[in-house]
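**Student:** Provided herewith is a single structure, encoded as structure tokens, for subsequent inquiry.
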Amino acid sequence: MGKMSGQGVMGGKESTVRVGDLTVGKASFTAFCASCHGYSGKGDGPAGATLKTRPRDFTDCAKMTPMADAMLFNVIKDGGAASSLSGDMPPWKDAFEDPEIRDLVAYVRFFCKK
Ligand code: HEC
């Protein structure tokens with residue numbers, strides 16, 4: 001846990017390991033996800049409020065901590081339906097490359113600050 005979150009190793013000349021970058025993740029999240037998930041990740045975005053299955057509260061550590069990074073990654077990449085969640089969560093594989101999805105996972109994790 002926690003290995004993929006936090007600021008990446010960006011200072012080095014060339015880093016082979018690229019972990020999620022919060023700044024990039026935040027920019028993507030604000031542009032594409034906040035309408036449903038809310039700017040503070042609480043699932044209170046204006047579009048999210050109209051859905052049958054409301055987006056989860058990402059600040060709820062009790063719910064979010066047990067979810068594996070791979071699970072979050074897959075839901076973002078392939079959409080909710082592919083993971084037996086609500087199909088209102090769209091797949092983003094055409095919009096983001098895998099490293100960008102990892103940035104989003106890092107940012108989603110950031111909402112639970114414990
Ligand atoms: C159209 C509204 C909508 C948009 C836009 C959207 N989501 Fe979701 N998302 C949902 C809903 C609804 C769920 C809950 C699915 C469930 O619990 O059945 C969900 C679930 C998730 C989950 C799985 C964790 C959980 O809540 O169970 C993650 C991670 C996630 N979204 C991230 C993102 C990211 C990152 C983006 C932007 C790239 C995004 N979402 C954009 C509606 C949306």
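Numbering starts fresh at 1 for the residues of each chain in the structure tokens, the chains themselves are lettered A, B, ... in the order given, and ligands are numbered from 1 as they appear.
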When the cut-off is 8 Å and you count only C-alpha atoms and all ligand atoms, which residues lie near ligand 1, shown as an NGL selection string?

**Tutor:** :A and (28-29 or 31-37 or 47-48 or 51-58 or 64 or 67 or 71-73 or 75-76 or 79-81 or 84-90 or 92 or 101 or 104-105 or 108)

**Student:** Store the residues picked out above in a file with C-alpha atoms, as a tab-separated table (two decimals), in the first residue's frame.

**Tutor:**
```tsv
chain	number	residue	atom	x	y	z
A	28	SER	CA	-6.92	15.06	-15.36
A	29	PHE	CA	-9.29	14.45	-12.48
A	31	ALA	CA	-11.07	18.06	-16.15
A	32	PHE	CA	-12.69	14.66	-16.63
A	33	CYS	CA	-13.81	13.15	-13.35
A	34	ALA	CA	-14.91	15.92	-10.99
A	35	SER	CA	-18.25	16.38	-12.76
A	36	CYS	CA	-19.32	13.07	-11.20
A	37	HIS	CA	-16.83	12.47	-8.40
A	47	ALA	CA	-23.45	14.93	-12.78
A	48	GLY	CA	-22.85	12.31	-10.09
A	51	LEU	CA	-26.92	8.85	-11.11
A	52	LYS	CA	-28.70	5.82	-9.72
A	53	THR	CA	-25.45	4.55	-8.21
A	54	ARG	CA	-23.76	7.53	-6.61
A	55	PRO	CA	-19.96	7.63	-6.94
A	56	ARG	CA	-18.20	6.53	-3.79
A	57	ASP	CA	-16.73	8.97	-1.28
A	58	PHE	CA	-13.00	8.77	-2.02
A	64	MET	CA	-11.00	3.04	-0.13
A	67	MET	CA	-9.34	-1.47	-2.62
A	71	MET	CA	-8.75	-2.60	-8.93
A	72	LEU	CA	-8.90	1.19	-9.12
A	73	PHE	CA	-6.72	1.11	-12.22
A	75	VAL	CA	-12.17	0.46	-13.14
A	76	ILE	CA	-10.71	3.66	-14.57
A	79	GLY	CA	-15.11	1.27	-16.80
A	80	GLY	CA	-17.39	0.23	-13.97
A	81	ALA	CA	-19.29	-2.50	-15.81
A	84	SER	CA	-19.24	-5.44	-11.87
A	85	LEU	CA	-19.76	-1.86	-10.77
A	86	SER	CA	-22.13	0.72	-12.18
A	87	GLY	CA	-21.87	1.18	-15.94
A	88	ASP	CA	-22.23	4.90	-15.33
A	89	MET	CA	-18.50	4.89	-14.63
A	90	PRO	CA	-17.18	5.20	-18.20
A	92	TRP	CA	-11.17	5.79	-20.10
A	101	ILE	CA	-4.21	6.21	-15.37
A	104	LEU	CA	-5.26	9.21	-11.59
A	105	VAL	CA	-5.04	6.27	-9.17
A	108	VAL	CA	-7.86	9.14	-6.12
```

**Student:** Excluding Lys93 in chain A and residues on its chain fewer than 5 positions from it, collect all residues at most 8 Å away from it, counting only C-alpha atoms, and give them as a list in words.

**Tutor:**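 Everything that qualifies: Ile76, Lys77, Asp78 and Asp98 of chain A.
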
**Student:** For the helix (DSSP H, G or I) assignment from backbone DSSP, which residues of chain A qualify? Please present them as a PyMOL selection string.

**Tutor:** chain A and resi 22-32+34-37+48-50+61-64+69-78+81-83+98-110

**Student:** Check the smallest atom-to-atom distance from each of A:Thr59, A:Tyr39, A:Asn74, A:Ser83 to Arg102 in chain A using only C-alpha atoms, then report the winner.

**Tutor:**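 Checking each candidate against Arg102 in chain A, we get A:Asn74 as the closest.
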
**Student:** Rounded to one decimal in Å, what is the spacing between CA of Asp69 in chain A and CA of Lys113 in chain A?

**Tutor:** 15.6 Å
